Structures are given as C-alpha cells and as structure tokens.
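entry14.cif (mmCIF, C-alpha atoms)
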```
data_entry
#
loop_
_atom_site.label_atom_id
_atom_site.label_comp_id
_atom_site.auth_asym_id
_atom_site.auth_seq_id
_atom_site.Cartn_x
_atom_site.Cartn_y
_atom_site.Cartn_z
CA PRO Q 450 -10.93 7.24 -1.09
CA ALA Q 451 -9.12 9.69 -3.36
CA VAL Q 452 -6.11 7.42 -3.81
CA VAL Q 453 -8.40 4.56 -4.84
CA LEU Q 454 -10.09 6.73 -7.47
CA VAL Q 455 -6.81 8.04 -8.85
CA ALA Q 456 -5.32 4.54 -8.97
CA ALA Q 457 -8.39 3.15 -10.72
CA VAL Q 458 -8.47 5.90 -13.36
CA ALA Q 459 -4.73 5.67 -14.04
CA ALA Q 460 -4.85 1.89 -14.26
CA TYR Q 461 -7.83 1.95 -16.60
CA ALA Q 462 -6.01 4.39 -18.87
CA ALA Q 463 -2.88 2.22 -18.87
CA ASP Q 464 -4.23 -1.35 -18.90
CA GLY Q 465 -8.01 -1.28 -19.20
CA PRO Q 466 -10.36 -3.09 -16.82
CA GLY Q 467 -7.78 -5.70 -15.82
CA GLY Q 468 -5.44 -2.98 -14.67
CA VAL Q 469 -8.09 -1.54 -12.38
CA ALA Q 470 -8.35 -4.76 -10.40
CA ARG Q 471 -4.57 -4.99 -10.10
CA ALA Q 472 -4.32 -1.33 -9.00
CA LEU Q 473 -7.01 -1.75 -6.36
CA ALA Q 474 -5.24 -4.86 -5.07
CA ALA Q 475 -1.98 -2.89 -4.91
CA VAL Q 476 -3.61 -0.10 -2.90
CA ALA Q 477 -5.15 -2.62 -0.53
CA ALA Q 478 -1.84 -4.43 -0.08
CA GLY Q 479 0.04 -1.20 0.58
CA VAL Q 480 -2.46 0.09 3.11
CA GLY Q 481 -2.72 -3.31 4.79
CA ALA Q 482 1.04 -3.71 5.13
CA ALA Q 483 1.41 -0.18 6.50
CA LEU Q 484 -1.36 -0.72 9.04
CA LEU Q 485 0.24 -3.94 10.26
CA LEU Q 486 3.57 -2.21 10.71
CA LEU Q 487 1.90 0.74 12.45
CA ARG Q 488 0.15 -1.58 14.89
CA HIS Q 489 3.42 -3.34 15.62
CA ALA Q 490 5.30 -0.07 16.15
CA VAL Q 491 2.65 1.33 18.50
CA ARG Q 492 2.65 -1.89 20.50
CA ARG Q 493 6.46 -2.10 20.72
CA LEU Q 494 7.39 1.59 20.95
CA GLY Q 495 4.29 3.00 22.53
CA GLY Q 496 3.77 5.52 19.76
CA VAL Q 497 4.86 6.77 16.38
CA THR Q 498 8.10 8.55 15.56
CA GLY Q 499 9.32 10.12 12.35
CA ASP Q 500 11.32 7.00 11.61
CA VAL Q 501 8.17 4.92 11.91
CA LEU Q 502 6.36 7.20 9.47
CA GLY Q 503 9.21 6.80 6.99
CA ALA Q 504 9.10 3.04 7.40
CA LEU Q 505 5.34 3.08 6.80
CA VAL Q 506 5.81 4.91 3.50
CA GLU Q 507 8.53 2.52 2.33
CA THR Q 508 6.53 -0.54 3.41
CA ALA Q 509 3.36 0.60 1.65
CA ALA Q 510 5.23 1.43 -1.55
CA THR Q 511 7.07 -1.89 -1.57
CA ALA Q 512 3.92 -3.92 -1.00
CA ALA Q 513 2.08 -2.05 -3.76
CA LEU Q 514 4.96 -2.48 -6.21
CA ILE Q 515 5.18 -6.21 -5.49
CA VAL Q 516 1.48 -6.60 -6.31
CA LEU Q 517 1.84 -4.51 -9.48
CA ALA Q 518 4.88 -6.48 -10.60
CA ALA Q 519 3.02 -9.78 -10.49
CA ARG Q 520 1.63 -10.28 -13.98
CA PRO Q 521 -0.91 -13.00 -14.70
#
```

What would the structure in this file look like if it were written as structure tokens?
Amino acid sequence: PAVVLVAAVAAYAADGPGGVARALAAVAAGVGAALLLLRHAVRRLGGVTGDVLGALVETAATAALIVLAARP
C-alpha cells in the first residue's frame, strides 16, 4: 500500500490527475509481472534463490517503465 500512495502523490505532483492513473497502472503492471515470474520460478525451481529475487526486481522495473513510457 505504501508504494501505491507514494506513486500516486509523486505522479499527481508531476502530471496531475492523469499521471496518477498512469502511475497506478505502472505499479499494477510491475507487481503483476513480478508475481507471474515468481510463480514460474517456484514451479520450475521449487523455490526462490537470490538470482530469482534479482530477476523479480528487474522484471517489475521494466514492466513499470514500459507502462510509464506509453503516452496517450
């Protein structure tokens, strides 16, 4: 919940109400992509390693940046 609040406040300060929707979509995309990768890693590897955690961070950041880069 804290990351959603911080993203919403920062986006409102930067872009106004339209930025808030885009920021919330970016958070949702990042978390969703990371959860999908986590599920896949647990199923294939039987658990989580440090490399998986690093991949989760990179995947979440990439998904969020892709959403933020898409301008209407």

Starting from the shown file, work through the PyMOL selection byres ((chain Q and resi 502-518) around 10) and note down what comes out as a PDB file with C-alpha atoms, keeping the file's coordinate frame.
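That gives us expr-v5.pdb:
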```pdb
ATOM      1  CA  GLY Q 468      -5.440  -2.980 -14.670  1.00  0.00           C
ATOM      2  CA  ARG Q 471      -4.570  -4.990 -10.100  1.00  0.00           C
ATOM      3  CA  ALA Q 472      -4.320  -1.330  -9.000  1.00  0.00           C
ATOM      4  CA  LEU Q 473      -7.010  -1.750  -6.360  1.00  0.00           C
ATOM      5  CA  ALA Q 474      -5.240  -4.860  -5.070  1.00  0.00           C
ATOM      6  CA  ALA Q 475      -1.980  -2.890  -4.910  1.00  0.00           C
ATOM      7  CA  VAL Q 476      -3.610  -0.100  -2.900  1.00  0.00           C
ATOM      8  CA  ALA Q 477      -5.150  -2.620  -0.530  1.00  0.00           C
ATOM      9  CA  ALA Q 478      -1.840  -4.430  -0.080  1.00  0.00           C
ATOM     10  CA  GLY Q 479       0.040  -1.200   0.580  1.00  0.00           C
ATOM     11  CA  VAL Q 480      -2.460   0.090   3.110  1.00  0.00           C
ATOM     12  CA  GLY Q 481      -2.720  -3.310   4.790  1.00  0.00           C
ATOM     13  CA  ALA Q 482       1.040  -3.710   5.130  1.00  0.00           C
ATOM     14  CA  ALA Q 483       1.410  -0.180   6.500  1.00  0.00           C
ATOM     15  CA  LEU Q 484      -1.360  -0.720   9.040  1.00  0.00           C
ATOM     16  CA  LEU Q 485       0.240  -3.940  10.260  1.00  0.00           C
ATOM     17  CA  LEU Q 486       3.570  -2.210  10.710  1.00  0.00           C
ATOM     18  CA  LEU Q 487       1.900   0.740  12.450  1.00  0.00           C
ATOM     19  CA  ALA Q 490       5.300  -0.070  16.150  1.00  0.00           C
ATOM     20  CA  VAL Q 497       4.860   6.770  16.380  1.00  0.00           C
ATOM     21  CA  THR Q 498       8.100   8.550  15.560  1.00  0.00           C
ATOM     22  CA  GLY Q 499       9.320  10.120  12.350  1.00  0.00           C
ATOM     23  CA  ASP Q 500      11.320   7.000  11.610  1.00  0.00           C
ATOM     24  CA  VAL Q 501       8.170   4.920  11.910  1.00  0.00           C
ATOM     25  CA  ALA Q 519       3.020  -9.780 -10.490  1.00  0.00           C
ATOM     26  CA  ARG Q 520       1.630 -10.280 -13.980  1.00  0.00           C
ATOM     27  CA  PRO Q 521      -0.910 -13.000 -14.700  1.00  0.00           C
TER      28      PRO Q 521
END
```

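The space separating CA of Pro450 (chain Q) from CA of Arg488 (chain Q) comes to 21.4 Å.
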
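Here CA of Val469 (chain Q) and CA of Val455 (chain Q) stand 10.3 Å from one another.
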
Where's the centre, and what are the edge lengths in Å to one decimal, of a box along x, y and z enclosing all listed atoms of region 491-499 of chain Q padded 5 Å per side, as JSON?
```
{"center_x": 6.0, "center_y": 4.0, "center_z": 17.4, "size_x": 16.7, "size_y": 22.2, "size_z": 20.2}
```

Figure out the distance between CA of Ala451 (chain Q) and CA of Asp464 (chain Q), please, to one decimal in Å. 19.7 Å
